[in-house]
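Here is the structure we will look at.
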Amino acid sequence: MRVTQRVKRILASYEGENPGTKGNLARILMNGKLGGTGRLVILPVDQGFEHGPARSFAPNPAAYDPTYHYQLAVDAGLNAYAAPLGMLEAGADSFAGAIPTILKMNSSNSWAVSKDQAITASVSDALRLGCSAIGFTIYPASDYQFEMMEEIRELSEEAKSCGLAVVIWSYPRGGDLSKAGETAVDVTAYAAHMAALLGATIIKVKPPTDHIEQAEAKKVYEQQKIDVSTLSKRIEHVMQSAFNGRRVVVFSGGAAKDTAGLLDEIRSLRDGGANGSIIGRNTFQRPRSEALALLDSVIKIYQGKL
């Protein structure tokens with residue numbers, strides 16, 4: 001694998017990581033149509049756990065088949081594919097070596113009332129399946145946030161000792177946060193920073209709104225004149241909060257939206273300096289041909305061609 005200078009500069013920011021972990025990060029960054037650019041697009045398919053099969057796959061019944069998602073990620077030329085244990089097991093042999101994979105190790109479901117997730121896989125599972133990384137969600141602000149942080153700290157230590165990378169989904173919710181506060185710019189920046197502090201190799205957060213949730217934070221944003229007027233400026237601020245851009249940060253696609261709206265959002269992510277996108281429902285709920293066309297457009301935006 002030839003590693004570009006751009007990717008080498010990214011790897012240089014991970015001074016505490018071992019060659020195995022940096023090698024797996026490089027594999028993700030060097031794969032697919034965006035390989036070597038420092039940008040990345042990942043397909044995540046953990047929505048079956050989170051929302052149930054019909055809500056996730058009925059709009060495109062072919063997506064009930066786990067191998068559909070492997071093939072979609074490969075054919076679209078994406079950097080990586082992330083999914084829970086059973087989804088990866090269903091195609092791990094057929095697609096061995098075809099695309100870097102990320103084992104999503106914890107999940108919630110639509111019946112849960114507590115803001116917590118169950119650990120549903122192990123580091124040994126990730127190694128057995130040939131994964132490049134593990135993935136884990138934390139809920140900053142929830143009553144279980146400290147337990148979740150302790151869990152990922154232990155799993156991260158184990159994963160990195162085996163040369164795996166660690167992806168942290170940092171999704172604030174619960175506690176005193178309002179619904180609007182879950183994606184507020186101050187809260188999202190805080191969430192990205194916490195994931196970096198926990199040792200994340202790649203950080204996943206949601207695109208932030210211009211809402212500022214915390215009263216004490218609002219004073220600072222106003223006093224320091226932090227510009228959050230546009231999405232690109234808010235992305236820039238989140239990247240700054242992730243060790244001044246020294247950590248790879250990708251932003252979720254969220255609930256299904258129209259193509260024009262999604263592509264406009266991707267342009268703002270690019271212009272704000274985001275490393276990339278992790279897009280699930282907005283792709284696999286579309287017919288395959290539409291999904292491939294959409295992902296091609298997303299990739300071209302990150303390439304600066306659209």
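Letters A, B, ... mark the chains of the structure tokens in the order given; residue numbers begin at 1 per chain; ligand numbers begin at 1, in order shown.
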Could you name the residues that touch Tyr302 (chain A) at 12 Å or less, counting only C-alpha atoms, but leaving out those on the same chain fewer than 5 positions away, as a PDB file with N, CA and C atoms, in the first residue's frame?
```pdb
ATOM      1  N   LYS A  33     -12.288   5.619  -3.758  1.00  0.00           N
ATOM      2  CA  LYS A  33     -12.108   6.723  -4.696  1.00  0.00           C
ATOM      3  C   LYS A  33     -11.475   7.951  -4.047  1.00  0.00           C
ATOM      4  N   LEU A  34     -11.632   8.079  -2.737  1.00  0.00           N
ATOM      5  CA  LEU A  34     -11.028   9.208  -2.022  1.00  0.00           C
ATOM      6  C   LEU A  34      -9.687   8.826  -1.400  1.00  0.00           C
ATOM      7  N   GLY A  35      -9.229   7.621  -1.681  1.00  0.00           N
ATOM      8  CA  GLY A  35      -7.996   7.142  -1.078  1.00  0.00           C
ATOM      9  C   GLY A  35      -6.829   8.097  -1.289  1.00  0.00           C
ATOM     10  N   THR A  37      -6.523  11.187  -0.196  1.00  0.00           N
ATOM     11  CA  THR A  37      -6.848  12.619  -0.191  1.00  0.00           C
ATOM     12  C   THR A  37      -6.976  13.202   1.213  1.00  0.00           C
ATOM     13  N   GLY A  38      -7.072  12.334   2.219  1.00  0.00           N
ATOM     14  CA  GLY A  38      -7.352  12.811   3.562  1.00  0.00           C
ATOM     15  C   GLY A  38      -8.832  12.960   3.829  1.00  0.00           C
ATOM     16  N   ARG A  39      -9.641  12.724   2.816  1.00  0.00           N
ATOM     17  CA  ARG A  39     -11.103  12.731   2.947  1.00  0.00           C
ATOM     18  C   ARG A  39     -11.589  11.286   2.942  1.00  0.00           C
ATOM     19  N   LEU A  40     -12.775  11.071   3.499  1.00  0.00           N
ATOM     20  CA  LEU A  40     -13.313   9.712   3.509  1.00  0.00           C
ATOM     21  C   LEU A  40     -14.832   9.715   3.598  1.00  0.00           C
ATOM     22  N   VAL A  41     -15.410   8.659   3.040  1.00  0.00           N
ATOM     23  CA  VAL A  41     -16.846   8.410   3.147  1.00  0.00           C
ATOM     24  C   VAL A  41     -17.016   6.965   3.610  1.00  0.00           C
ATOM     25  N   LEU A 263     -26.607  17.126  -0.529  1.00  0.00           N
ATOM     26  CA  LEU A 263     -25.393  17.556  -1.224  1.00  0.00           C
ATOM     27  C   LEU A 263     -24.969  18.956  -0.801  1.00  0.00           C
ATOM     28  N   ASP A 264     -25.923  19.828  -0.544  1.00  0.00           N
ATOM     29  CA  ASP A 264     -25.586  21.160  -0.025  1.00  0.00           C
ATOM     30  C   ASP A 264     -24.905  21.047   1.331  1.00  0.00           C
ATOM     31  N   GLU A 265     -25.417  20.135   2.171  1.00  0.00           N
ATOM     32  CA  GLU A 265     -24.809  19.911   3.476  1.00  0.00           C
ATOM     33  C   GLU A 265     -23.378  19.392   3.326  1.00  0.00           C
ATOM     34  N   ILE A 266     -23.158  18.466   2.389  1.00  0.00           N
ATOM     35  CA  ILE A 266     -21.823  17.908   2.166  1.00  0.00           C
ATOM     36  C   ILE A 266     -20.857  19.015   1.736  1.00  0.00           C
ATOM     37  N   ARG A 267     -21.312  19.917   0.896  1.00  0.00           N
ATOM     38  CA  ARG A 267     -20.442  21.032   0.482  1.00  0.00           C
ATOM     39  C   ARG A 267     -20.027  21.881   1.675  1.00  0.00           C
ATOM     40  N   SER A 268     -20.956  22.114   2.584  1.00  0.00           N
ATOM     41  CA  SER A 268     -20.622  22.889   3.783  1.00  0.00           C
ATOM     42  C   SER A 268     -19.631  22.136   4.664  1.00  0.00           C
ATOM     43  N   LEU A 269     -19.799  20.811   4.763  1.00  0.00           N
ATOM     44  CA  LEU A 269     -18.846  19.998   5.525  1.00  0.00           C
ATOM     45  C   LEU A 269     -17.455  20.123   4.917  1.00  0.00           C
ATOM     46  N   ARG A 270     -17.386  19.975   3.601  1.00  0.00           N
ATOM     47  CA  ARG A 270     -16.094  20.090   2.909  1.00  0.00           C
ATOM     48  C   ARG A 270     -15.467  21.463   3.140  1.00  0.00           C
ATOM     49  N   ASP A 271     -16.261  22.506   2.964  1.00  0.00           N
ATOM     50  CA  ASP A 271     -15.734  23.861   3.080  1.00  0.00           C
ATOM     51  C   ASP A 271     -15.302  24.195   4.503  1.00  0.00           C
ATOM     52  N   GLY A 272     -15.909  23.490   5.489  1.00  0.00           N
ATOM     53  CA  GLY A 272     -15.531  23.707   6.876  1.00  0.00           C
ATOM     54  C   GLY A 272     -14.325  22.901   7.317  1.00  0.00           C
ATOM     55  N   GLY A 273     -13.812  22.044   6.422  1.00  0.00           N
ATOM     56  CA  GLY A 273     -12.620  21.278   6.740  1.00  0.00           C
ATOM     57  C   GLY A 273     -12.876  19.899   7.301  1.00  0.00           C
ATOM     58  N   ALA A 274     -14.110  19.411   7.224  1.00  0.00           N
ATOM     59  CA  ALA A 274     -14.411  18.056   7.704  1.00  0.00           C
ATOM     60  C   ALA A 274     -13.588  17.030   6.932  1.00  0.00           C
ATOM     61  N   ASN A 275     -13.207  15.968   7.618  1.00  0.00           N
ATOM     62  CA  ASN A 275     -12.510  14.890   6.921  1.00  0.00           C
ATOM     63  C   ASN A 275     -13.448  14.094   6.031  1.00  0.00           C
ATOM     64  N   GLY A 276     -14.749  14.084   6.371  1.00  0.00           N
ATOM     65  CA  GLY A 276     -15.651  13.345   5.514  1.00  0.00           C
ATOM     66  C   GLY A 276     -16.999  13.097   6.133  1.00  0.00           C
ATOM     67  N   SER A 277     -17.698  12.120   5.566  1.00  0.00           N
ATOM     68  CA  SER A 277     -19.069  11.808   5.944  1.00  0.00           C
ATOM     69  C   SER A 277     -19.229  10.321   6.215  1.00  0.00           C
ATOM     70  N   LEU A 295     -23.759   8.646  -3.909  1.00  0.00           N
ATOM     71  CA  LEU A 295     -22.434   8.509  -3.314  1.00  0.00           C
ATOM     72  C   LEU A 295     -21.346   9.009  -4.262  1.00  0.00           C
ATOM     73  N   ASP A 296     -21.540   8.822  -5.548  1.00  0.00           N
ATOM     74  CA  ASP A 296     -20.583   9.357  -6.517  1.00  0.00           C
ATOM     75  C   ASP A 296     -20.550  10.882  -6.445  1.00  0.00           C
ATOM     76  N   SER A 297     -21.704  11.492  -6.276  1.00  0.00           N
ATOM     77  CA  SER A 297     -21.765  12.955  -6.149  1.00  0.00           C
ATOM     78  C   SER A 297     -21.095  13.426  -4.857  1.00  0.00           C
TER      79      SER A 297
END
```
Helix (DSSP H, G or I) per DSSP on the backbone: members of region 71-123 of chain A, as a list in words: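 Answer for region 71-123 of chain A, restricted to helix (DSSP H, G or I): Gln71, Leu72, Ala73, Val74, Asp75, Ala76, Leu85, Gly86, Met87, Leu88, Glu89 and Val123 of chain A.
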Exercise: Asn31 (chain A) partners within 8 Å, only C-alpha atoms, chain neighbours under 2 positions left out, as a list in words: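 My reading of the contact set: Arg27, Ile28, Leu29, Lys33, Leu34, Gly35, Gly36, Gly77, Leu78, Asn79, Ala80, Ile99 and Pro100 of chain A.
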For the selection you just gave me, I'd like the residues written to a file as a PDB file, in the first residue's frame, keeping C-alpha atoms.
```
ATOM      1  CA  ARG A  27      -5.816   1.466   5.170  1.00  0.00           C
ATOM      2  CA  ILE A  28      -9.093   3.302   5.720  1.00  0.00           C
ATOM      3  CA  LEU A  29      -7.723   6.612   4.451  1.00  0.00           C
ATOM      4  CA  LYS A  33     -12.108   6.723  -4.696  1.00  0.00           C
ATOM      5  CA  LEU A  34     -11.028   9.208  -2.022  1.00  0.00           C
ATOM      6  CA  GLY A  35      -7.996   7.142  -1.078  1.00  0.00           C
ATOM      7  CA  GLY A  36      -4.988   9.304  -0.267  1.00  0.00           C
ATOM      8  CA  GLY A  77     -15.634   3.104  -3.840  1.00  0.00           C
ATOM      9  CA  LEU A  78     -16.030   4.026  -0.189  1.00  0.00           C
ATOM     10  CA  ASN A  79     -13.285   4.073   2.432  1.00  0.00           C
ATOM     11  CA  ALA A  80     -14.906   1.667   4.897  1.00  0.00           C
ATOM     12  CA  ILE A  99     -13.001  -3.039   1.901  1.00  0.00           C
ATOM     13  CA  PRO A 100     -11.835  -2.021   5.406  1.00  0.00           C
TER      14      PRO A 100
END
```
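What separates CA of Thr4 (chain A) from CA of Ala26 (chain A) is a distance of 9.4 Å.
A straight line drawn from CA of Ser232 (chain A) to CA of Ala215 (chain A) is 23.1 Å long.
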Computed interatomic separation between CA of Ile202 (chain A) and CA of Glu216 (chain A) (Å): 28.3 Å
Distance query Ser132 (chain A) at most 9 Å, only C-alpha atoms, self and fewer than 4 positions along chain excluded, as a PDB file with C-alpha atoms, in the first residue's frame:
```
ATOM      1  CA  THR A  21      -3.227   1.186  14.667  1.00  0.00           C
ATOM      2  CA  GLY A  23      -1.479   1.153   9.636  1.00  0.00           C
ATOM      3  CA  ASN A  24      -5.185   0.404   9.934  1.00  0.00           C
ATOM      4  CA  LEU A  25      -6.039   4.106   9.901  1.00  0.00           C
ATOM      5  CA  ARG A  27      -5.816   1.466   5.170  1.00  0.00           C
ATOM      6  CA  ILE A  28      -9.093   3.302   5.720  1.00  0.00           C
ATOM      7  CA  ALA A  80     -14.906   1.667   4.897  1.00  0.00           C
ATOM      8  CA  PRO A 100     -11.835  -2.021   5.406  1.00  0.00           C
ATOM      9  CA  THR A 101     -14.507  -2.830   7.989  1.00  0.00           C
ATOM     10  CA  ILE A 102     -15.420  -1.346  11.359  1.00  0.00           C
ATOM     11  CA  LEU A 103     -17.115  -3.547  13.967  1.00  0.00           C
ATOM     12  CA  ALA A 126     -13.049  -7.692  15.247  1.00  0.00           C
ATOM     13  CA  LEU A 127      -9.757  -9.518  14.828  1.00  0.00           C
ATOM     14  CA  GLY A 163      -3.260  -2.757  16.257  1.00  0.00           C
ATOM     15  CA  LEU A 164      -6.887  -1.794  15.602  1.00  0.00           C
ATOM     16  CA  ALA A 165      -8.153   1.757  15.181  1.00  0.00           C
ATOM     17  CA  VAL A 166     -10.998   3.125  17.323  1.00  0.00           C
TER      18      VAL A 166
END
```
